[in-house]
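Okay, structure first, notes after.
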There are 2 protein chains.
Amino acid sequence: MPEYTLVGKSVPRTDSIEKVRGEAKFTADLSLPGMLYGKILRSPHPHARILNIDTSKAEKLLGVRAVITGKRDAHPYVWGVLPYTRDYQLLPIDKVRYIRQDVAAVAAVDEDIAQEALELIKVEYEILPHVFDAEEALKEGAPQIHEDKPGNICVHVKIDEGEVDKALAEADLVLEGDFKGPEESYCQGEPYAVLASFDSTGVDIWCPNAGPHLKARPLSSALGISTSKVRLHRAYIGGAFGGRSEVSPADVITCLLSRKARRPVKIVYTREENRNAVRQRVGWSTHLKMGFKKDGTWTVGDFRCIVDGGAHASVGPIAVSVPYMELETTYPLKNLRYDGRRVYTNKPPRGMHPEQNRAFHIGVELHLDMAAEKLGMDPMQLRLKNAMTSGFVTATGARISSCGFTECVEKAAQKAGWKEKKGKLPPGRGIGMACGSEMVGFPMGIRGGSSAFIRFNEDGDATVISGVVDNGQGNESMVIQIAAEELGLPMNRVRLISADTAICPLDQGAYSQTATFLSGGAVKEAAADAKQQLFEVASRMLDAKPEDLEAGEGNIYVRSDPKKSQPIRRVMMNALNNDITIMGRGHRWPQIDNDREWVNNPRGQWATTYTYGCSIAEVEVDKETGKVRVLHMIAAHDCGYPINPMAVEQQLEGAALGSGTCGGLFERILWDNGQNLNANNLDYWFPTALDVPDIEPIIVSTNDPLGPFGAKEGSLSIRMSMYSAIACAIHEATGVWPTEAPFTPETMLQALQEEEKGK
Amino acid sequence: MPEYTLVGKSVPRTDSIEKVRGEAKFTADLSLPGMLYGKILRSPHPHARILNIDTSKAEKLLGVRAVITGKRDAHPYVWGVLPYTRDYQLLPIDKVRYIRQDVAAVAAVDEDIAQEALELIKVEYEILPHVFDAEEALKEGAPQIHEDKPGNICVHVKIDEGEVDKALAEADLVLEGDFKGPEESYCQGEPYAVLASFDSTGVDIWCPNAGPHLKARPLSSALGISTSKVRLHRAYIGGAFGGRSEVSPADVITCLLSRKARRPVKIVYTREENRNAVRQRVGWSTHLKMGFKKDGTWTVGDFRCIVDGGAHASVGPIAVSVPYMELETTYPLKNLRYDGRRVYTNKPPRGMHPEQNRAFHIGVELHLDMAAEKLGMDPMQLRLKNAMTSGFVTATGARISSCGFTECVEKAAQKAGWKEKKGKLPPGRGIGMACGSEMVGFPMGIRGGSSAFIRFNEDGDATVISGVVDNGQGNESMVIQIAAEELGLPMNRVRLISADTAICPLDQGAYSQTATFLSGGAVKEAAADAKQQLFEVASRMLDAKPEDLEAGEGNIYVRSDPKKSQPIRRVMMNALNNDITIMGRGHRWPQIDNDREWVNNPRGQWATTYTYGCSIAEVEVDKETGKVRVLHMIAAHDCGYPINPMAVEQQLEGAALGSGTCGGLFERILWDNGQNLNANNLDYWFPTALDVPDIEPIIVSTNDPLGPFGAKEGSLSIRMSMYSAIACAIHEATGVWPTEAPFTPETMLQALQEEEKGK
């Protein structure tokens, strides 16, 4: 690994102390003078026309300051992240399409009065037929959820590259199967909350988000004001995970309430609302057909997916493409057919999540193990046989710039004792491996990537102005570490102003793995620009050429004679005394084919680079109870270069746990007729500390040529693959090929009984 | 005048609607979650040693969260704006030097409890001898206010240029006299207030200021943390007038309380505190000796001034230099001697104000009228004989770049009907004229001038990031108008982020007439930089060279064929789609001799440019009551070029009223043994609407080569001269040469009686 002063060193994150001391303010912690409290009335019906809303009694209640309905108060704006997915009135005017959809809202001087007022609103509905199952929704005669979307098809993505039918015919081994994955909750630690203050200058908003500029634009359309009148402010954010990437009904409703009441308004969701009225992860079913040569070469894949997207497209359409994308960048497969449909149902709209295509990935990786079994190979050897390499151009035309696939597999296997264990564990135990890749620098959302400014105080302390947002993953600390390294300042002399749409230059948002790569890259370039200006000043003080100078530990010094040095503080004073201002600016854009079409046979570069990883899990299955216990997880990930190794390791631990333990063993939403039965932290199971196994994170560095200091992203290949490693390990432990995650005692017991019957 | 689209047009100020609707939030309007209320215990003694402070009872009072004293809680920091004026412990440790100086402070859950707690604090003082009069303080044996400042002399400025004694000997007419001016209050509409929130990241502060960066640096020293940990935020500010240019004890005290209580704390001054514990204007006495040739040429001046600066130097030292500076730039006088002393007394420390040297200016202008009388000349002709011209180099070496002296005199005289009226008015009436000049782009405070960033939203709306602060004079609107003109956008598509030390690049602060000239200039340069980048993109869209393009009304078009045009919104989208980011940056520095020495025979350029003006007042004096009534005021001012003529006219009206009616007729602080007797809006007289005469503002444009669009500043020459015009008019009306402002009925009656006796 290259050597830097700060970058590549494990440092405590800059947000640690504020969070430990309880000083960090999340949206629910904020208040403004004269602030009101908002509550939302929600539909009890999954599908119904709104005939009339009588708010007169609610308006008369003492303490109520505003009551809004879609028809009376909302701008007639239909939101969608892409032109062909505009299907969402954020406060509906005509009809509701899922249980607990927003119908009306109240702002009052306290929460109790707001709640009481909700109960005084009378809504007349005309109940319509509904459909909750994606496969049912596709059938002829199914209730139509959107008039202009016949067949309830939201998006239909088709790929047909190479010669799939020929390759299947020529394959030595063809495997076929079906897999399913349920909806999951994102389980953000922070319930959704919005604080909005509307006045003649526009609206100020605080709310969780994955990129403030991404919300400002649709919000301005929904409110009928210009984008620059919508100011999203920075607040601490307690998780996003793909569920907070886009505008939310609560954002618009809070703004409308504030506009009507002429007072600041805050809405804080209950845990139940946070599960029912905020995007959750999609449900998924998939059919796979994969062909292999005798030597283990995987030559062809033919896949069909159906995604239950709920009542609206939301940001989900892109998600339908993710399985083929992440497959084609993981394994060098040139014959690829993919047919993915996102289907409307009368359930809450779904968002994005890296783990969403669990069913697909588990299916692929189990089939690789199955192929290895049938071909008499070690599953690791089969994966290495099909390893991705840098320079490869995928089926749809994406070039792989750096790739640590093989190194991840080898390092993980070595650490896990793969050779010693595979096939040699006692009965009831198994070890499994799965591989993943993840896009970096994906262009979704705001065009133009990220840009940043850097300015200085008189004492040489720097301020970075960047649109980057931190949802908990440590982006603020990352950006500060990058700027400090480049400027040669200690981290405590760099301040960050971020995630504020009125101040910060455009930024594409912190998702699809862009924060380090693009936002960090823009900050590095701005810092380099400022450093060059400092060097010009210092060169006169040190009697040296600017190109012979270096910066580090708060000083600028001559590379060949580090004793010739000046503190940056003094260089800054010298600049000011000579009427020189130091101001840096930088940009970084995704390097992709801007013209790539996304739905019908897309072709071209679709992300700038890709990360790679290998997950290994060792499990023990109790055949009496069906309970799966994960003993050990190894997570080897090619992050390009770790800006802060400690933060990358934490991300890897989180990814292994979130994918493997949460996704593999625990999490699913339970439904009864469109009602979420476990919309709280008691009934919705996720692991506690006692359920967390040993996790060993392994950092693999490939030094991507386009990433800042070679960095790509910190953990997503593991999030994409640990559940599959568990599935493979379960097979070894039990002989079962598990087809539906999560592998709960109930589903495992059923599978074990069926396996027993089959024998 | 040159023609621009927006600049030079009268437009409503951008802050108007917020202020009219009551949405504008001043510091006292703000609150933060968990906020406490602070109160300050003040000294009853003008000069005393603090022997002991017992806070134990106060600390035990229910609801009290923090009690601080200087000895226990303050950083041992002695503040001063210049190295040789460090004399101010902002929360004193050793002794108090004026009545109502800060001694201890309390933060509690409400104001009543805080007040009650103050009464429980026991302070033991050792009372020391005091002195309240500047002349007394200079005498041998006077009480010493600072141990290291013998003779109570704070600053002593000496100028001796040309051949003063020779010129006096050779003069045809020598006049000599003494003049006095009292202390005045600034009477800001908003009482001083501070909100501070201290946590592990540093401190966030909201308070009135004349430049947030000017406060951040001393505050960081007073708190013992780095400058970048001190964040001053923007809030609306209700006036400054020189009284809010520097750090205030309340700033430090509120921060210390917040640090100790670990909660946000707000202190809002009472009207009385705002008069006693915030800098007010200095008192002044002056001796003048002026020599003339027979033809009216003013050849020589010899001046002595004594300034009562109160107990601390504050920002006042510079003020001692102002009389000679503003004299040498108004009249082309090459033989100039000046001796100015700022003296310590046991009164509250004084700040700066353009009108502070009232006594000096009135003396000079009355002597010009006296000379005209004795030489048989029209006072206007004598002034035109001694008119400043552009290109002149003053006695101490400052070059005048643009000068509208003569045009101001002629336009004002024409509008006033000078020729028809002078010497021809009925008894008891008089008309008077006085001239003034004012520095622009003075370098006090932060070095390095102002700098600005500009960024864009996707829709082509722009954000300007500038440190400029608006104290009520319209600086925010000014900066937006300049940026909009330069970018070719309507004003409502330009947003300003300002006056925030964590975000905004360094700015010298909005005083000494730098806001339009430097801050506005920096914004213009940043906008020009961004426009150039937009032109590069548009040139490809319009198939034209960048240098052939213009921007206006939201479009970029070909100069020679304006129909070939693209909306800026589309140029921006084109840029983003082609991975081009538009980011502007600009700087503007004062063009002065950075090495100029300030105390002993200073020489060199001391401001970048200067404005000129002529004030004319017509008065009627009731000889029975001594009451002076101003009938009419004419204010002709060379502002360089008016960015917003309506705003300049408002400034001129304010300046004429503030200088003429307030300063000339009403305002003075009354003292009894160091006690301010009229520290409120009832007993301290200032004009109400009924006292406001007709004011005619006249804008004179000289298009300064260094100013943005030729602009300099908007009214200060009038603030410097209208009181003198009234003095001259009073002489014509009564025959009296009034020697002490304000010209109240009481002083006038006395002067009339003496005049009567003298006859």
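By convention here, the chains of the structure tokens are called A, B, ... in the order presented, each chain's residues are numbered starting at 1, and ligands are numbered starting at 1 in the order presented.
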Problem set entry | DSSP helix (DSSP H, G or I) residues within stretch 94-198 of chain A, listed as JSON, numbers by chain | {"A": [111, 112, 113, 114, 115, 116, 117, 118, 119, 134, 135, 136, 137, 138, 150, 151, 152, 164, 165, 166, 167, 168, 169, 170]}
For this session: Give as number ranges by chain every residue of chain B that touches chain A within 8 Å, counting only C-alpha atoms.
Result: B: 17-18, 23, 29-33, 199-201, 227-228, 447-449, 451, 455-459, 461-463, 465, 493, 495, 497, 502-506, 575-581, 583, 585, 587, 589, 594
Problem set entry | Contact residues around stretch 364-373 of chain B with only C-alpha atoms at 8 Å, ignoring same-chain residues under 5 positions, as a PyMOL selection string | chain B and resi 173+175+288+290+292+296+378-379+382-383+434-435+724-725+727-728+737
Exercise. Excluding same-chain residues fewer than 4 positions from stretch 160-163 of chain B, what lies within 9 Å of it counting only C-alpha atoms, as a ChimeraX atom specification?
Worked result: /B:167-168,300,302,334-339,395-396,601
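In this structure, atom CA of B:Gly363 sits 28.8 Å away from atom CA of B:Leu690.
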For this session: Could you please write out, as a PyMOL selection string, every residue of stretch 60-301 of chain B that DSSP assigns to strand (DSSP E or B)?
Result: chain B and resi 64-69+79+88+95-96+102-108+122-127+153-161+173-181+184+193-199+202-206+230-232+236+265-268+280-281+283-292+298-301
For this session: Kindly give the distance, in Å, that separates atom CA of B:Ile482 and atom CA of B:Thr514, rounded to a single decimal.
Result: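 Separation of atom CA of B:Ile482 and atom CA of B:Thr514: 14.8 Å.
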Problem set entry | Shell around B:Ala137 at 9 Å using only C-alpha atoms, local window under 3 positions removed, as a ChimeraX atom specification | /B:131-134,140-144,151-153,343-345
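The residue set within 7 Å of B:Ile695, counting only C-alpha atoms and dropping same-chain residues fewer than 5 places from it, reads His632, Met633, Ile634 and Glu653 of chain B.
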Go ahead and save the residues from that selection, with C-alpha atoms, as a JSON list (two decimals), in the first residue's frame.
[["chain", "number", "residue", "atom", "x", "y", "z"],
["B", 632, "HIS", "CA", -34.79, 71.73, 4.80],
["B", 633, "MET", "CA", -31.72, 69.56, 4.25],
["B", 634, "ILE", "CA", -29.95, 68.96, 0.94],
["B", 653, "GLU", "CA", -31.81, 60.53, 4.16]]
Problem set entry | Nearby residues (only C-alpha atoms) at most 12 Å from A:Asp73, same-chain spacing under 4 positions excluded, as a list of chain:residue names | A:Ala66, A:Val67, A:Ile68, A:Thr69, A:Tyr77, A:Leu90, A:Leu91, A:Pro92, A:Ile93, A:Val103, A:Ala104, A:Ala105, A:Ala222, A:Leu223, A:Gly224, A:Val252, A:Ile253, A:Thr254, A:Cys255, A:Leu256, A:Leu257, A:Ser258, A:Arg259, A:Lys260, A:Ala261
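A straight line drawn from atom CA of B:Lys623 to atom CA of B:Gln750 is 10.6 Å long.
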